[in-house]
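> So that we are looking at the same thing, I have put the structure below in structure tokens.
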Amino acid sequence: MLVNIQTQSQVIGYKSCITQMNFFLLFSVVDIFLLTIMAYDRFVAICHPLHYLVIMKPWICALLVLVSWIVNGSHALLQSLMVLRLSFCTDLEIPHFFCELNQVVHCACSDTFLNDMVIYFATVLLAGCPLAELLYTYSKIVSSIRAISSAQGRYKAFSTCASHLSVVSLFYCTGLGVYLSSAVTPNSRSTATASVMYSVVTPMLNPFIYSLRNKDLKSALRRL
């Protein structure tokens, strides 16, 4: 997007488009997996605080992150190879501000049934399952926080996951909003505009959200 703004050109080559799509798939789904791992970390910290150091050992955390990268690297590669088997017309116009998988597949001249099946299966497996785990985890966290007798204890427990909950809400609400609205009213321009929220705005807000509990940042904001 920055290159397009700087060069005033929205043209992208075939290889560059596939590469861009591969990296977008990789980083976006890795983000989902990491948010899910962080939710489990908060669950253990709040619901099983005495066992936290035993359950969340450094090597287990490293293994979870490594598995996330391997699984999503394989998924991104699979989707890219599935697109490579399709035939496209020359001078193709993608109704988006980047090479989004669904938009690229639907611009193909050949049959896309197999691609659609792989996309739907991957969406359920790699996005639906983590979302279900997130909802289950936070239901347990909320029930544990409600069981705390003191108001100060409840506030302290909630503050440990407030930043993560904010990021999860932003990411999933904007992402689901884009794809649900596009399914109801397939307007490519509005879909592309809404996609800016989860692909650009949310990642830009992450450093600020995660730093809200930082005392230096709070004092700097007060001075500002």
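By order in the structure tokens, chains are A, B, ...; within a chain, residues start at 1; ligands start at 1, following the order shown.
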Within 8 Å of segment 37-44 of chain A, counting only C-alpha atoms, which residues show up once you throw out same-chain ones fewer than 5 positions away? Write them as a compact mmCIF listing (two decimals) with C-alpha atoms, in the first residue's frame, please.


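The resulting file, part_19.txt, is shown below:
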```txt
# COMPACT_ATOMS: atom_id res chain seq x y z
CA PRO A 49 -1.86 -19.40 39.37
CA HIS A 51 0.68 -24.19 38.65
CA TYR A 52 1.62 -21.41 36.20
CA ILE A 55 2.50 -25.52 33.00
CA MET A 56 3.92 -22.53 31.07
CA LEU A 64 3.81 -23.53 20.88
CA LEU A 134 -10.73 -18.16 22.85
CA THR A 137 -10.93 -19.72 27.68
CA TYR A 138 -12.47 -16.33 28.43
CA LYS A 140 -13.52 -19.77 32.29
CA ILE A 141 -11.52 -16.61 33.07
CA THR A 160 -3.85 -8.89 33.41
CA CYS A 161 -5.94 -9.81 30.36
CA HIS A 164 -5.13 -9.02 25.18
```

> Residues of segment 3-155 of chain A in helix (DSSP H, G or I) according to DSSP, as a short mmCIF file (atom, residue, chain, number, x, y, z; two decimals) with C-alpha atoms, in the first residue's frame?


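To be explicit, this is the file written out as selection.cif:
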```
data_model
loop_
_atom_site.label_atom_id
_atom_site.label_comp_id
_atom_site.auth_asym_id
_atom_site.auth_seq_id
_atom_site.Cartn_x
_atom_site.Cartn_y
_atom_site.Cartn_z
CA VAL A 3 4.57 1.55 -2.45
CA ASN A 4 1.34 2.27 -4.34
CA ILE A 5 1.00 5.64 -2.62
CA GLN A 6 4.63 6.56 -3.27
CA THR A 7 4.79 5.47 -6.93
CA TYR A 14 1.94 -12.21 -11.02
CA LYS A 15 4.88 -13.53 -8.94
CA SER A 16 4.76 -10.52 -6.63
CA CYS A 17 1.01 -11.01 -6.12
CA ILE A 18 1.47 -14.67 -5.14
CA THR A 19 4.33 -13.72 -2.80
CA GLN A 20 2.29 -10.96 -1.18
CA MET A 21 -0.66 -13.31 -0.72
CA ASN A 22 1.60 -15.97 0.81
CA PHE A 23 3.06 -13.60 3.41
CA PHE A 24 -0.32 -12.05 4.23
CA LEU A 25 -1.78 -15.51 4.89
CA LEU A 26 1.25 -16.49 6.96
CA PHE A 27 1.30 -13.43 9.23
CA SER A 28 -2.48 -13.04 9.64
CA VAL A 29 -3.09 -16.66 10.69
CA VAL A 30 0.05 -16.69 12.87
CA ASP A 31 -1.50 -13.66 14.60
CA ILE A 32 -4.64 -15.72 15.31
CA PHE A 33 -2.57 -18.59 16.73
CA LEU A 34 -0.46 -16.29 18.92
CA LEU A 35 -3.59 -14.57 20.29
CA THR A 36 -4.95 -18.03 21.15
CA ILE A 37 -1.70 -19.02 22.90
CA MET A 38 -1.75 -15.75 24.86
CA ALA A 39 -5.36 -16.44 25.89
CA TYR A 40 -4.31 -19.85 27.23
CA ASP A 41 -1.43 -18.17 29.07
CA ARG A 42 -3.88 -15.74 30.74
CA PHE A 43 -6.21 -18.66 31.54
CA VAL A 44 -3.44 -20.53 33.36
CA ALA A 45 -2.27 -17.36 35.16
CA ILE A 46 -5.77 -16.52 36.47
CA CYS A 47 -7.43 -19.93 36.90
CA PRO A 49 -1.86 -19.40 39.37
CA LEU A 50 -0.01 -21.88 41.60
CA HIS A 51 0.68 -24.19 38.65
CA TYR A 52 1.62 -21.41 36.20
CA LEU A 53 5.40 -21.94 36.31
CA VAL A 54 4.94 -25.69 35.94
CA ILE A 55 2.50 -25.52 33.00
CA PRO A 58 9.80 -21.54 28.60
CA TRP A 59 10.36 -24.56 26.35
CA ILE A 60 6.61 -25.18 26.14
CA CYS A 61 6.02 -21.55 25.12
CA ALA A 62 8.78 -21.81 22.50
CA LEU A 63 7.29 -25.08 21.21
CA LEU A 64 3.81 -23.53 20.88
CA VAL A 65 5.22 -20.60 18.89
CA LEU A 66 7.29 -22.92 16.69
CA VAL A 67 4.26 -25.12 15.94
CA SER A 68 2.27 -22.00 15.04
CA TRP A 69 4.90 -20.93 12.48
CA ILE A 70 5.27 -24.43 10.99
CA VAL A 71 1.51 -25.03 10.65
CA ASN A 72 0.81 -21.61 9.17
CA GLY A 73 3.85 -21.70 6.92
CA SER A 74 2.55 -24.98 5.48
CA HIS A 75 -0.95 -23.51 5.13
CA ALA A 76 0.28 -20.38 3.32
CA LEU A 77 2.41 -22.52 0.99
CA LEU A 78 -0.54 -24.84 0.24
CA GLN A 79 -2.85 -21.94 -0.60
CA SER A 80 -0.20 -20.35 -2.83
CA LEU A 81 0.35 -23.62 -4.71
CA MET A 82 -3.41 -24.00 -5.13
CA VAL A 83 -3.58 -20.54 -6.74
CA LEU A 84 -0.65 -21.37 -9.04
CA LEU A 101 -6.76 -14.85 -1.44
CA ASN A 102 -10.52 -14.95 -1.96
CA GLN A 103 -10.50 -12.04 -4.41
CA VAL A 104 -7.62 -13.51 -6.43
CA VAL A 105 -9.25 -16.96 -6.65
CA HIS A 106 -12.56 -15.50 -7.85
CA PHE A 113 -14.21 -25.47 -6.78
CA LEU A 114 -11.19 -27.22 -5.22
CA ASN A 115 -9.69 -23.88 -4.13
CA ASP A 116 -12.98 -22.85 -2.50
CA MET A 117 -13.17 -26.13 -0.59
CA VAL A 118 -9.60 -25.74 0.69
CA ILE A 119 -10.28 -22.12 1.71
CA TYR A 120 -13.48 -23.06 3.61
CA PHE A 121 -11.82 -26.02 5.33
CA ALA A 122 -8.77 -23.94 6.32
CA THR A 123 -11.00 -21.11 7.61
CA VAL A 124 -12.93 -23.46 9.88
CA LEU A 125 -9.80 -25.24 11.09
CA LEU A 126 -7.35 -22.33 11.46
CA ALA A 127 -9.75 -19.51 12.40
CA GLY A 128 -12.91 -21.17 13.73
CA CYS A 129 -11.19 -23.58 16.15
CA PRO A 130 -8.95 -20.87 17.71
CA LEU A 131 -12.03 -18.62 18.08
CA ALA A 132 -13.90 -21.41 19.87
CA GLU A 133 -10.88 -21.92 22.16
CA LEU A 134 -10.73 -18.16 22.85
CA LEU A 135 -14.42 -18.04 23.79
CA TYR A 136 -14.09 -21.10 26.04
CA THR A 137 -10.93 -19.72 27.68
CA TYR A 138 -12.47 -16.33 28.43
CA SER A 139 -15.67 -17.90 29.76
CA LYS A 140 -13.52 -19.77 32.29
CA ILE A 141 -11.52 -16.61 33.07
CA VAL A 142 -14.72 -14.58 33.66
CA SER A 143 -16.17 -17.26 35.95
CA SER A 144 -12.89 -17.38 37.92
CA ILE A 145 -12.77 -13.57 38.25
CA ARG A 146 -16.40 -13.49 39.47
CA ALA A 151 -13.02 -5.93 44.35
CA GLN A 152 -9.27 -5.20 44.25
CA GLY A 153 -8.53 -8.84 43.48
CA ARG A 154 -11.08 -8.86 40.65
CA TYR A 155 -9.62 -5.65 39.20
#
```

> Between atom CA of Leu92 of chain A and atom CA of Thr112 of chain A, what distance in Å does the model show, to one decimal?

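Computed distance, atom CA of Leu92 of chain A to atom CA of Thr112 of chain A, equals 16.4 Å.
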